[in-house]
$ cat structure_20.cif   # mmCIF, C-alpha atoms and all ligand atoms
data_start
loop_
_atom_site.label_atom_id
_atom_site.label_comp_id
_atom_site.auth_asym_id
_atom_site.auth_seq_id
_atom_site.Cartn_x
_atom_site.Cartn_y
_atom_site.Cartn_z
CA MET A 10 43.36 194.16 -63.80
CA SER A 11 41.94 193.53 -67.21
CA TYR A 12 40.03 190.41 -68.19
CA SER A 13 39.89 190.08 -71.96
CA SER A 14 36.74 188.03 -72.50
CA PHE A 15 34.81 189.94 -69.85
CA GLU A 16 34.24 192.13 -72.92
CA LEU A 17 31.85 189.40 -74.07
CA LEU A 18 29.70 189.81 -71.00
CA ASP A 19 26.34 191.43 -70.86
CA HIS A 20 27.12 193.97 -68.15
CA SER A 21 23.55 193.98 -66.92
CA LYS A 22 24.04 190.40 -65.70
CA PRO A 23 26.03 189.90 -62.54
CA ILE A 24 28.87 187.59 -61.67
CA LEU A 25 27.46 185.31 -59.00
CA VAL A 26 29.86 184.05 -56.32
CA PHE A 27 28.85 181.19 -54.02
CA GLY A 28 30.79 180.63 -50.80
CA ARG A 29 31.11 184.28 -49.77
CA ASP A 30 32.23 183.48 -46.21
CA GLY A 31 34.83 180.79 -46.95
CA GLN A 32 38.58 181.31 -47.38
CA VAL A 33 38.48 181.56 -51.18
CA GLY A 34 35.11 183.36 -51.08
CA LYS A 35 36.51 186.11 -48.86
CA ALA A 36 39.54 186.40 -51.13
CA LEU A 37 37.20 186.73 -54.14
CA GLN A 38 35.53 189.67 -52.44
CA VAL A 39 38.91 191.43 -52.30
CA CYS A 40 39.72 190.47 -55.88
CA LEU A 41 36.43 191.51 -57.45
CA ARG A 42 35.73 194.70 -55.53
CA ASP A 43 37.13 197.03 -58.20
CA LEU A 44 35.65 195.25 -61.21
CA LYS A 45 33.26 197.38 -63.23
CA ILE A 46 30.73 194.56 -63.53
CA PRO A 47 28.01 193.87 -60.95
CA VAL A 48 29.01 191.07 -58.58
CA VAL A 49 26.73 189.32 -56.09
CA PHE A 50 28.25 187.30 -53.24
CA LEU A 51 26.05 184.67 -51.66
CA GLY A 52 26.52 182.97 -48.30
CA ARG A 53 24.70 180.07 -46.69
CA SER A 54 21.92 182.31 -45.38
CA ASP A 55 21.18 183.55 -48.93
CA CYS A 56 21.21 180.13 -50.56
CA ASP A 57 21.52 176.73 -48.94
CA LEU A 58 23.40 174.59 -51.44
CA SER A 59 21.94 171.40 -50.04
CA ASN A 60 18.58 172.63 -51.32
CA GLU A 61 18.27 172.46 -55.12
CA ALA A 62 15.16 174.66 -55.18
CA SER A 63 17.05 177.37 -53.31
CA ILE A 64 19.84 177.28 -55.93
CA ARG A 65 17.38 177.43 -58.84
CA ASP A 66 15.61 180.37 -57.18
CA VAL A 67 18.77 182.47 -56.92
CA LEU A 68 19.85 181.58 -60.46
CA ASN A 69 16.46 182.61 -61.83
CA CYS A 70 16.50 185.73 -59.70
CA TYR A 71 20.01 187.00 -60.65
CA GLN A 72 20.37 185.42 -64.13
CA PRO A 73 24.18 185.46 -64.00
CA GLN A 74 26.45 185.03 -66.99
CA VAL A 75 29.38 184.01 -64.77
CA ILE A 76 29.28 181.81 -61.68
CA ILE A 77 32.27 181.31 -59.40
CA ASN A 78 31.59 178.50 -56.97
CA ALA A 79 33.90 178.71 -53.95
CA ALA A 80 31.40 176.99 -51.65
CA ALA A 81 31.82 173.36 -50.66
CA TYR A 82 31.28 170.87 -47.92
CA THR A 83 34.92 170.91 -46.71
CA ALA A 84 34.75 169.06 -43.37
CA VAL A 85 36.83 166.14 -44.65
CA ASP A 86 36.55 163.88 -41.59
CA LYS A 87 32.90 164.69 -40.83
CA ALA A 88 32.01 163.84 -44.43
CA GLU A 89 32.70 160.17 -43.68
CA GLY A 90 29.45 160.18 -41.66
CA GLU A 91 27.54 162.72 -43.81
CA ARG A 92 27.89 161.23 -47.26
CA GLU A 93 24.51 162.35 -48.57
CA LEU A 94 24.98 165.94 -47.43
CA ALA A 95 28.52 166.09 -48.85
CA PHE A 96 27.27 164.81 -52.21
CA SER A 97 24.36 167.24 -52.32
CA ILE A 98 26.66 170.25 -51.76
CA ASN A 99 29.76 169.06 -53.66
CA ALA A 100 28.15 167.20 -56.56
CA LYS A 101 24.46 168.07 -57.02
CA ALA A 102 24.77 171.84 -56.36
CA PRO A 103 27.57 172.37 -58.93
CA GLN A 104 25.58 170.30 -61.43
CA VAL A 105 22.59 172.65 -61.04
CA MET A 106 24.89 175.68 -61.47
CA ALA A 107 26.60 174.10 -64.49
CA HIS A 108 23.26 173.29 -66.11
CA TYR A 109 22.23 176.92 -65.82
CA ILE A 110 25.47 178.40 -67.18
CA ALA A 111 25.99 175.80 -69.92
CA ASN A 112 22.85 177.12 -71.58
CA VAL A 113 23.77 180.80 -71.38
CA SER A 114 25.53 182.37 -74.34
CA HIS A 115 29.16 183.13 -73.38
CA GLY A 116 28.49 181.80 -69.89
CA VAL A 117 31.43 180.97 -67.65
CA PHE A 118 31.51 178.60 -64.69
CA VAL A 119 34.54 178.53 -62.36
CA HIS A 120 34.54 175.75 -59.78
CA TYR A 121 37.20 174.75 -57.24
CA SER A 122 38.11 171.13 -56.62
CA THR A 123 40.73 169.14 -54.78
CA ASP A 124 43.83 166.91 -54.85
CA TYR A 125 41.80 164.38 -52.83
CA VAL A 126 40.32 163.03 -56.09
CA PHE A 127 43.62 161.13 -56.42
CA ALA A 128 44.77 158.21 -54.29
CA ASP A 129 48.47 157.45 -54.57
CA THR A 130 48.41 155.84 -58.01
CA LYS A 131 51.78 157.44 -58.87
CA PRO A 132 54.75 158.88 -56.96
CA THR A 133 55.08 162.10 -58.97
CA ALA A 134 52.82 165.13 -59.58
CA TYR A 135 49.45 164.32 -61.15
CA VAL A 136 48.53 165.87 -64.49
CA GLU A 137 44.93 166.73 -65.34
CA THR A 138 44.49 163.65 -67.53
CA ASP A 139 45.67 161.16 -64.89
CA LEU A 140 43.05 158.67 -63.76
CA THR A 141 41.32 159.69 -60.54
CA GLY A 142 40.55 157.28 -57.71
CA PRO A 143 40.40 154.35 -57.34
CA MET A 144 37.11 155.08 -55.59
CA THR A 145 37.77 152.54 -52.84
CA GLN A 146 40.89 154.49 -51.85
CA ILE A 147 39.57 158.07 -51.74
CA ASN A 148 37.63 159.57 -48.86
CA VAL A 149 33.95 160.59 -49.04
CA TYR A 150 34.84 164.27 -49.45
CA GLY A 151 37.13 163.37 -52.40
CA GLU A 152 34.44 161.15 -53.91
CA SER A 153 31.85 163.91 -53.63
CA LYS A 154 34.18 166.50 -55.21
CA LEU A 155 35.02 164.07 -58.01
CA ALA A 156 31.30 163.49 -58.61
CA GLY A 157 30.95 167.29 -58.83
CA GLU A 158 33.72 167.51 -61.45
CA GLN A 159 32.14 164.74 -63.51
CA ALA A 160 28.67 166.28 -63.27
CA ILE A 161 30.00 169.63 -64.53
CA GLU A 162 31.84 168.07 -67.47
CA GLU A 163 28.87 165.91 -68.48
CA THR A 164 26.45 168.81 -68.18
CA PHE A 165 28.54 171.05 -70.46
CA ASN A 166 29.13 168.25 -72.96
CA LEU A 167 25.41 167.49 -73.13
CA ALA A 168 24.45 171.15 -73.60
CA GLN A 169 26.92 171.48 -76.46
CA ASP A 170 25.83 168.21 -78.11
CA SER A 171 22.17 169.13 -77.86
CA GLY A 172 22.88 172.40 -79.69
CA HIS A 173 21.18 174.61 -77.12
CA VAL A 174 23.93 177.09 -77.70
CA SER A 175 24.21 176.99 -81.44
CA TYR A 176 27.34 178.94 -82.42
CA GLN A 177 30.80 177.70 -81.53
CA ASP A 178 31.95 181.14 -80.43
CA LYS A 179 28.98 181.51 -78.11
CA PHE A 180 29.72 178.31 -76.24
CA SER A 181 29.81 178.59 -72.53
CA ARG A 182 32.94 177.43 -70.79
CA TYR A 183 33.78 175.81 -67.49
CA PHE A 184 36.97 175.76 -65.47
CA ILE A 185 37.56 173.25 -62.71
CA LEU A 186 40.51 174.44 -60.62
CA ARG A 187 41.91 171.56 -58.58
CA THR A 188 43.96 172.81 -55.68
CA SER A 189 45.43 171.65 -52.36
CA TRP A 190 46.27 172.71 -48.79
CA VAL A 191 44.40 176.04 -48.93
CA TYR A 192 44.99 178.81 -46.40
CA GLY A 193 43.41 182.26 -46.18
CA ASP A 194 41.03 184.14 -43.91
CA GLY A 195 39.60 181.21 -41.96
CA GLY A 196 40.56 178.14 -39.99
CA ASN A 197 43.50 176.33 -41.61
CA PHE A 198 46.62 174.27 -40.87
CA ILE A 199 49.01 177.25 -40.76
CA ARG A 200 46.89 179.15 -38.23
CA THR A 201 46.56 176.01 -36.10
CA MET A 202 50.35 175.51 -36.12
CA LEU A 203 51.05 179.15 -35.21
CA ARG A 204 48.57 178.98 -32.35
CA LEU A 205 50.02 175.71 -31.02
CA ALA A 206 53.57 177.06 -31.41
CA GLY A 207 52.65 179.85 -29.00
CA GLU A 208 51.24 177.39 -26.44
CA LYS A 209 53.45 174.28 -26.50
CA ASP A 210 57.17 173.54 -26.36
CA GLN A 211 56.92 170.47 -28.60
CA LEU A 212 54.84 169.67 -31.70
CA LYS A 213 54.48 166.45 -33.69
CA VAL A 214 53.58 166.89 -37.35
CA VAL A 215 53.02 164.41 -40.20
CA ALA A 216 56.03 164.30 -42.50
CA ASP A 217 55.16 161.57 -45.02
CA GLN A 218 52.28 163.32 -46.84
CA ILE A 219 53.55 165.64 -49.57
CA GLY A 220 51.63 168.44 -51.28
CA VAL A 221 51.59 172.12 -52.19
CA PRO A 222 50.21 174.84 -49.88
CA SER A 223 48.01 177.24 -51.89
CA SER A 224 47.02 180.78 -50.95
CA ALA A 225 43.29 181.53 -51.10
CA GLN A 226 44.06 185.04 -52.36
CA TRP A 227 46.07 183.66 -55.28
CA LEU A 228 43.37 181.05 -56.03
CA ALA A 229 40.77 183.80 -56.17
CA GLU A 230 42.96 185.78 -58.56
CA VAL A 231 43.48 182.72 -60.78
CA GLY A 232 39.72 182.06 -60.79
CA VAL A 233 38.94 185.60 -61.91
CA GLN A 234 41.77 185.65 -64.47
CA ILE A 235 40.62 182.42 -66.06
CA ALA A 236 36.95 183.48 -66.02
CA GLY A 237 37.87 186.59 -67.97
CA SER A 238 40.11 184.77 -70.44
CA ARG A 239 39.49 182.93 -73.69
CA VAL A 240 41.30 179.74 -72.70
CA GLU A 241 39.64 176.38 -73.26
CA SER A 242 37.21 174.74 -70.88
CA GLY A 243 38.59 172.00 -68.69
CA ILE A 244 40.33 170.93 -65.54
CA TYR A 245 43.38 172.93 -64.42
CA HIS A 246 45.68 172.12 -61.51
CA ALA A 247 45.98 175.39 -59.59
CA VAL A 248 48.89 175.17 -57.18
CA PRO A 249 52.05 177.26 -56.79
CA ASP A 250 55.50 175.86 -57.55
CA GLY A 251 57.38 173.63 -55.12
CA GLU A 252 56.24 170.98 -52.67
CA THR A 253 56.58 170.14 -49.01
CA SER A 254 55.21 167.94 -46.23
CA TRP A 255 52.88 169.10 -43.45
CA HIS A 256 55.97 169.01 -41.22
CA GLY A 257 57.96 171.12 -43.70
CA LEU A 258 55.11 173.62 -43.88
CA ALA A 259 54.82 173.82 -40.08
CA VAL A 260 58.58 174.41 -39.65
CA PHE A 261 58.65 177.05 -42.39
CA ALA A 262 55.59 178.92 -41.07
CA ILE A 263 56.75 178.82 -37.44
CA GLU A 264 60.30 179.94 -38.27
CA THR A 265 58.91 182.78 -40.41
CA ALA A 266 56.60 183.88 -37.57
CA ALA A 267 59.42 183.73 -35.00
CA SER A 268 61.69 185.86 -37.18
CA ALA A 269 58.83 188.37 -37.65
CA GLY A 270 58.48 188.82 -33.89
CA GLU A 271 55.63 186.47 -32.96
CA GLY A 272 55.83 184.95 -29.47
CA ILE A 273 56.79 181.33 -30.23
CA GLU A 274 57.38 178.75 -27.49
CA VAL A 275 58.52 175.84 -29.61
CA LYS A 276 62.08 175.59 -31.02
CA SER A 277 62.43 174.24 -34.61
CA GLU A 278 64.23 171.12 -33.38
CA ASN A 279 61.20 170.36 -31.19
CA ILE A 280 58.83 170.23 -34.17
CA LEU A 281 59.05 166.47 -34.56
CA PRO A 282 58.28 164.61 -37.81
CA ILE A 283 55.84 161.72 -37.42
CA LEU A 284 54.19 159.25 -39.80
CA ALA A 285 50.58 159.67 -40.93
CA THR A 286 49.89 156.27 -39.40
CA ASP A 287 50.87 157.76 -36.01
CA TYR A 288 48.13 160.40 -36.40
CA PRO A 289 45.04 158.44 -37.49
CA LEU A 290 42.05 160.43 -38.73
CA PRO A 291 38.55 159.24 -39.76
CA ALA A 292 39.13 160.08 -43.47
CA LYS A 293 41.99 158.53 -45.41
CA ARG A 294 44.36 161.11 -46.99
CA PRO A 295 46.75 160.56 -49.90
CA TYR A 296 50.52 160.42 -49.29
CA ASN A 297 51.07 162.08 -52.65
CA SER A 298 49.03 165.28 -53.10
CA ARG A 299 51.37 166.81 -55.71
CA LEU A 300 49.54 168.46 -58.63
CA ASN A 301 51.44 169.34 -61.81
CA ASN A 302 50.71 172.99 -62.67
CA HIS A 303 52.13 173.16 -66.24
CA LYS A 304 48.73 173.40 -67.93
CA LEU A 305 47.71 176.37 -65.79
CA LYS A 306 51.07 178.07 -66.38
CA GLN A 307 50.59 177.67 -70.12
CA ALA A 308 47.07 179.08 -69.90
CA LEU A 309 48.19 182.05 -67.80
CA SER A 310 50.93 182.84 -70.30
CA GLU A 311 48.32 182.76 -73.13
CA MET A 312 46.27 185.25 -71.08
CA ALA A 313 49.32 187.54 -70.96
CA PHE A 314 49.24 187.21 -67.16
CA THR A 315 52.10 189.47 -66.22
CA GLY A 316 52.70 188.36 -62.64
CA GLN A 317 55.53 185.94 -61.80
CA TYR A 318 54.24 182.41 -61.15
CA PRO A 319 54.53 181.99 -57.35
CA HIS A 320 56.44 179.50 -55.21
CA TRP A 321 54.54 178.26 -52.14
CA GLN A 322 57.25 179.62 -49.79
CA GLU A 323 56.84 183.22 -51.01
CA GLN A 324 53.08 183.03 -50.48
CA VAL A 325 53.32 181.42 -47.03
CA GLU A 326 55.96 183.94 -45.97
CA ALA A 327 53.72 186.88 -46.97
CA TYR A 328 50.70 185.27 -45.29
CA VAL A 329 52.52 184.55 -42.02
CA LYS A 330 54.03 188.05 -41.88
CA GLU A 331 50.57 189.57 -42.34
CA TYR A 332 49.18 187.23 -39.66
CA VAL A 333 51.97 188.26 -37.25
CA THR A 334 51.47 191.96 -37.97
CA ASP A 335 47.74 191.60 -37.29
CA SER A 336 48.29 189.58 -34.10
CA LEU A 337 50.91 192.04 -32.78
CA LYS A 338 48.43 194.89 -33.39
CA SER A 339 45.62 193.21 -31.47
N1 LIG B 401 40.61 174.11 -47.66
C1 LIG B 401 41.42 173.31 -48.33
O1 LIG B 401 42.49 172.92 -47.83
C2 LIG B 401 41.08 172.88 -49.73
C3 LIG B 401 41.93 171.98 -50.40
C4 LIG B 401 41.61 171.60 -51.71
C5 LIG B 401 40.51 172.12 -52.34
N2 LIG B 401 39.69 172.97 -51.67
C6 LIG B 401 38.50 173.47 -52.37
O2 LIG B 401 38.62 174.88 -52.49
C7 LIG B 401 37.33 175.49 -52.42
C8 LIG B 401 37.33 176.58 -51.38
O3 LIG B 401 37.72 176.03 -50.13
P1 LIG B 401 37.80 176.93 -48.81
O4 LIG B 401 39.00 176.48 -48.06
O5 LIG B 401 37.64 178.37 -49.17
O6 LIG B 401 36.52 176.38 -48.06
P2 LIG B 401 35.83 176.94 -46.74
O7 LIG B 401 36.65 178.02 -46.13
O8 LIG B 401 35.47 175.75 -45.91
O9 LIG B 401 34.50 177.60 -47.30
C9 LIG B 401 33.47 176.83 -47.81
C10 LIG B 401 32.23 177.70 -47.84
O10 LIG B 401 31.17 176.89 -48.33
C11 LIG B 401 30.01 177.25 -47.60
N3 LIG B 401 29.03 176.19 -47.53
C12 LIG B 401 29.16 174.95 -47.01
N4 LIG B 401 27.98 174.32 -47.04
C13 LIG B 401 27.07 175.17 -47.58
C14 LIG B 401 25.69 175.10 -47.87
N5 LIG B 401 24.95 174.01 -47.60
N6 LIG B 401 25.10 176.16 -48.44
C15 LIG B 401 25.81 177.28 -48.71
N7 LIG B 401 27.11 177.43 -48.45
C16 LIG B 401 27.75 176.37 -47.89
C17 LIG B 401 30.50 177.54 -46.18
O11 LIG B 401 29.53 178.37 -45.55
P3 LIG B 401 29.65 178.79 -44.01
O12 LIG B 401 30.74 179.84 -43.98
O13 LIG B 401 28.31 179.30 -43.69
O14 LIG B 401 30.03 177.54 -43.28
C18 LIG B 401 31.83 178.23 -46.44
O15 LIG B 401 31.71 179.63 -46.47
C19 LIG B 401 36.35 174.34 -52.16
O16 LIG B 401 35.80 173.92 -53.38
C20 LIG B 401 37.22 173.23 -51.59
O17 LIG B 401 36.67 171.95 -51.86
C21 LIG B 401 39.96 173.38 -50.39
#

$ encode --input "structure_20.cif" --output "structure tokens"
Amino acid sequence: MSYSSFELLDHSKPILVFGRDGQVGKALQVCLRDLKIPVVFLGRSDCDLSNEASIRDVLNCYQPQVIINAAAYTAVDKAEGERELAFSINAKAPQVMAHYIANVSHGVFVHYSTDYVFADTKPTAYVETDLTGPMTQINVYGESKLAGEQAIEETFNLAQDSGHVSYQDKFSRYFILRTSWVYGDGGNFIRTMLRLAGEKDQLKVVADQIGVPSSAQWLAEVGVQIAGSRVESGIYHAVPDGETSWHGLAVFAIETAASAGEGIEVKSENILPILATDYPLPAKRPYNSRLNNHKLKQALSEMAFTGQYPHWQEQVEAYVKEYVTDSLKS
């Protein structure tokens, strides 16, 4: 892998990754292990993101030029009752990180965000400039992630306006990668479905919420590619091609696992589609989680990214086959 603007980095300063033990964080460890730049991965025990002083301490200690923030408060339903904590981790913590990097010459901040900043204001895929909210319709997790996005953008705009970083070509940049339906090394919908498919002879899965499953490994790769590029700061929708429902994803993953030799109890025809209203959860979810990925595709082509842009089915197929191989081994 080569990352063109990593040439601009002071190689004595590390890349700092928050969220080491999460799905995307673990994938970043795989992605960054061969890079010839020092990288420090931090987990909750190294830095509690609900504690601003703890974040400032690690920033002052490591003095990074690049931060990749894959940490977040991601317990969507629990967040309804833990608003303050969700906001401190998803909004305040990224603001502190952004403030640090915005004032570093050639600094880069990569931050992951979510489709849950939107709430069914259109029936087609959202572009980056679409209005978010309305706030009364998004869940607390979505609100807190949106507050994080806004804090990052404001912080960078202020730093540039105040002239702290005086030369245009030394400006720091930020990338907010909005994604959806993430799966990797950790608890996720696909793993839950494969487990249940081995235990039950009938499953009921929501079929009227539509989105795009996104591989954590691919998201990590996109984060590193964009960090090392010269593309413009901003929000990018980072999802593969295609779309499906939770029901469509469950059927595809279970059929793939069955054909790869996994012990599956449930037959496809017994994976029954249900309505979201038949499966009530504490946090409201959007029916339309589609994100339009054209801006990211354009950016990747400017970076001379050679890989083929993925379709969600290819990624899920590879993931499920690996999961089956691992489970057959153990
Ligand atoms: N998962 C999805 O479906 C999804 C969808 C859209 C967007 N996203 C976004 O994608 C990014 C990565 O998601 P993911 O699925 O990789 O999340 P994840 O697996 O839940 O990982 C989140 C990480 O954040 C860490 N964390 C939480 N609170 C912390 C705190 N107070 N201090 C320090 N670390 C803390 C967790 O630490 P512990 O391991 O110690 O708990 C965990 O390792 C996030 O920004 C998320 O909002 C995810």

$ residues_near_ligand --input "structure_20.cif" --ligand "ligand LIG 401 (chain B)" --cutoff "7 Å" --atoms "all atoms listed in the file" --output "PyMOL selection string"
chain A and resi 27-34+52-53+56-59+79-83+98+120-124+154+187-192+195+225

$ write_last_selection --input "structure_20.cif" --atoms "C-alpha atoms" --output "PDB file, in the frame of the given file"
ATOM      1  CA  PHE A  27      28.850 181.190 -54.020  1.00  0.00           C
ATOM      2  CA  GLY A  28      30.790 180.630 -50.800  1.00  0.00           C
ATOM      3  CA  ARG A  29      31.110 184.280 -49.770  1.00  0.00           C
ATOM      4  CA  ASP A  30      32.230 183.480 -46.210  1.00  0.00           C
ATOM      5  CA  GLY A  31      34.830 180.790 -46.950  1.00  0.00           C
ATOM      6  CA  GLN A  32      38.580 181.310 -47.380  1.00  0.00           C
ATOM      7  CA  VAL A  33      38.480 181.560 -51.180  1.00  0.00           C
ATOM      8  CA  GLY A  34      35.110 183.360 -51.080  1.00  0.00           C
ATOM      9  CA  GLY A  52      26.520 182.970 -48.300  1.00  0.00           C
ATOM     10  CA  ARG A  53      24.700 180.070 -46.690  1.00  0.00           C
ATOM     11  CA  CYS A  56      21.210 180.130 -50.560  1.00  0.00           C
ATOM     12  CA  ASP A  57      21.520 176.730 -48.940  1.00  0.00           C
ATOM     13  CA  LEU A  58      23.400 174.590 -51.440  1.00  0.00           C
ATOM     14  CA  SER A  59      21.940 171.400 -50.040  1.00  0.00           C
ATOM     15  CA  ALA A  79      33.900 178.710 -53.950  1.00  0.00           C
ATOM     16  CA  ALA A  80      31.400 176.990 -51.650  1.00  0.00           C
ATOM     17  CA  ALA A  81      31.820 173.360 -50.660  1.00  0.00           C
ATOM     18  CA  TYR A  82      31.280 170.870 -47.920  1.00  0.00           C
ATOM     19  CA  THR A  83      34.920 170.910 -46.710  1.00  0.00           C
ATOM     20  CA  ILE A  98      26.660 170.250 -51.760  1.00  0.00           C
ATOM     21  CA  HIS A 120      34.540 175.750 -59.780  1.00  0.00           C
ATOM     22  CA  TYR A 121      37.200 174.750 -57.240  1.00  0.00           C
ATOM     23  CA  SER A 122      38.110 171.130 -56.620  1.00  0.00           C
ATOM     24  CA  THR A 123      40.730 169.140 -54.780  1.00  0.00           C
ATOM     25  CA  ASP A 124      43.830 166.910 -54.850  1.00  0.00           C
ATOM     26  CA  LYS A 154      34.180 166.500 -55.210  1.00  0.00           C
ATOM     27  CA  ARG A 187      41.910 171.560 -58.580  1.00  0.00           C
ATOM     28  CA  THR A 188      43.960 172.810 -55.680  1.00  0.00           C
ATOM     29  CA  SER A 189      45.430 171.650 -52.360  1.00  0.00           C
ATOM     30  CA  TRP A 190      46.270 172.710 -48.790  1.00  0.00           C
ATOM     31  CA  VAL A 191      44.400 176.040 -48.930  1.00  0.00           C
ATOM     32  CA  TYR A 192      44.990 178.810 -46.400  1.00  0.00           C
ATOM     33  CA  GLY A 195      39.600 181.210 -41.960  1.00  0.00           C
ATOM     34  CA  ALA A 225      43.290 181.530 -51.100  1.00  0.00           C
TER      35      ALA A 225
END

$ residues_around --input "structure_20.cif" --residues "region 254-257 of chain A" --least-positions-apart "3" --cutoff "7 Å" --atoms "only C-alpha atoms" --output "PyMOL selection string"
chain A and resi 214-220+260-261+282

$ closest_residue --input "structure_20.cif" --among "A:Pro143, A:Gly272, A:Pro249, A:Gly237" --to "Gly116 (chain A)" --atoms "all atoms listed in the file"
A:Gly237

$ residues_around --input "structure_20.cif" --residues "region 16-24 of chain A" --least-positions-apart "3" --cutoff "12 Å" --atoms "all atoms listed in the file" --output "PyMOL selection string"
chain A and resi 11-13+27+37-38+41-42+44-51+67-78+110+113-119+178-181+233+236-239

$ residues_around --input "structure_20.cif" --residues "Gln324 (chain A)" --least-positions-apart "6" --cutoff "9 Å" --atoms "all atoms listed in the file" --output "PDB file with C-alpha atoms, in the coordinates of the input"
ATOM      1  CA  PRO A 222      50.210 174.840 -49.880  1.00  0.00           C
ATOM      2  CA  SER A 223      48.010 177.240 -51.890  1.00  0.00           C
ATOM      3  CA  SER A 224      47.020 180.780 -50.950  1.00  0.00           C
ATOM      4  CA  TRP A 227      46.070 183.660 -55.280  1.00  0.00           C
ATOM      5  CA  PRO A 249      52.050 177.260 -56.790  1.00  0.00           C
TER       6      PRO A 249
END

$ closest_residue --input "structure_20.cif" --among "A:Glu274, A:Val325, A:Tyr109, A:Val126" --to "Gly207 (chain A)" --atoms "all atoms listed in the file"
A:Glu274

$ residues_around --input "structure_20.cif" --residues "region 285-302 of chain A" --least-positions-apart "5" --cutoff "8 Å" --atoms "only C-alpha atoms" --output "number ranges by chain"
A: 85-87, 89, 124-125, 127-129, 131-137, 146-149, 188-189, 215-221, 245-250, 252

$ write_last_selection --input "structure_20.cif" --atoms "C-alpha atoms" --output "PDB file, in the coordinates of the input"
ATOM      1  CA  VAL A  85      36.830 166.140 -44.650  1.00  0.00           C
ATOM      2  CA  ASP A  86      36.550 163.880 -41.590  1.00  0.00           C
ATOM      3  CA  LYS A  87      32.900 164.690 -40.830  1.00  0.00           C
ATOM      4  CA  GLU A  89      32.700 160.170 -43.680  1.00  0.00           C
ATOM      5  CA  ASP A 124      43.830 166.910 -54.850  1.00  0.00           C
ATOM      6  CA  TYR A 125      41.800 164.380 -52.830  1.00  0.00           C
ATOM      7  CA  PHE A 127      43.620 161.130 -56.420  1.00  0.00           C
ATOM      8  CA  ALA A 128      44.770 158.210 -54.290  1.00  0.00           C
ATOM      9  CA  ASP A 129      48.470 157.450 -54.570  1.00  0.00           C
ATOM     10  CA  LYS A 131      51.780 157.440 -58.870  1.00  0.00           C
ATOM     11  CA  PRO A 132      54.750 158.880 -56.960  1.00  0.00           C
ATOM     12  CA  THR A 133      55.080 162.100 -58.970  1.00  0.00           C
ATOM     13  CA  ALA A 134      52.820 165.130 -59.580  1.00  0.00           C
ATOM     14  CA  TYR A 135      49.450 164.320 -61.150  1.00  0.00           C
ATOM     15  CA  VAL A 136      48.530 165.870 -64.490  1.00  0.00           C
ATOM     16  CA  GLU A 137      44.930 166.730 -65.340  1.00  0.00           C
ATOM     17  CA  GLN A 146      40.890 154.490 -51.850  1.00  0.00           C
ATOM     18  CA  ILE A 147      39.570 158.070 -51.740  1.00  0.00           C
ATOM     19  CA  ASN A 148      37.630 159.570 -48.860  1.00  0.00           C
ATOM     20  CA  VAL A 149      33.950 160.590 -49.040  1.00  0.00           C
ATOM     21  CA  THR A 188      43.960 172.810 -55.680  1.00  0.00           C
ATOM     22  CA  SER A 189      45.430 171.650 -52.360  1.00  0.00           C
ATOM     23  CA  VAL A 215      53.020 164.410 -40.200  1.00  0.00           C
ATOM     24  CA  ALA A 216      56.030 164.300 -42.500  1.00  0.00           C
ATOM     25  CA  ASP A 217      55.160 161.570 -45.020  1.00  0.00           C
ATOM     26  CA  GLN A 218      52.280 163.320 -46.840  1.00  0.00           C
ATOM     27  CA  ILE A 219      53.550 165.640 -49.570  1.00  0.00           C
ATOM     28  CA  GLY A 220      51.630 168.440 -51.280  1.00  0.00           C
ATOM     29  CA  VAL A 221      51.590 172.120 -52.190  1.00  0.00           C
ATOM     30  CA  TYR A 245      43.380 172.930 -64.420  1.00  0.00           C
ATOM     31  CA  HIS A 246      45.680 172.120 -61.510  1.00  0.00           C
ATOM     32  CA  ALA A 247      45.980 175.390 -59.590  1.00  0.00           C
ATOM     33  CA  VAL A 248      48.890 175.170 -57.180  1.00  0.00           C
ATOM     34  CA  PRO A 249      52.050 177.260 -56.790  1.00  0.00           C
ATOM     35  CA  ASP A 250      55.500 175.860 -57.550  1.00  0.00           C
ATOM     36  CA  GLU A 252      56.240 170.980 -52.670  1.00  0.00           C
TER      37      GLU A 252
END

$ residues_around --input "structure_20.cif" --residues "Ala269 (chain A)" --least-positions-apart "2" --cutoff "8 Å" --atoms "all atoms listed in the file" --output "JSON list (two decimals) with C-alpha atoms, keeping the file's coordinate frame"
[["chain", "number", "residue", "atom", "x", "y", "z"],
["A", 265, "THR", "CA", 58.91, 182.78, -40.41],
["A", 266, "ALA", "CA", 56.60, 183.88, -37.57],
["A", 267, "ALA", "CA", 59.42, 183.73, -35.00],
["A", 271, "GLU", "CA", 55.63, 186.47, -32.96],
["A", 330, "LYS", "CA", 54.03, 188.05, -41.88],
["A", 333, "VAL", "CA", 51.97, 188.26, -37.25]]

$ axis_aligned_box --input "structure_20.cif" --around "region 121-129 of chain A" --padding-each-side "8 Å" --output "AutoDock Vina command-line options"
--center_x 42.8 --center_y 166.1 --center_z -55.0 --size_x 27.3 --size_y 33.3 --size_z 20.4

$ closest_residue --input "structure_20.cif" --among "A:Glu61, A:Val275, A:Val39, A:Ala111" --to "Arg204 (chain A)" --atoms "only C-alpha atoms"
A:Val275

$ atom_distance --input "structure_20.cif" --atom1 "CA of Tyr183 (chain A)" --atom2 "CA of His108 (chain A)"
10.9 Å
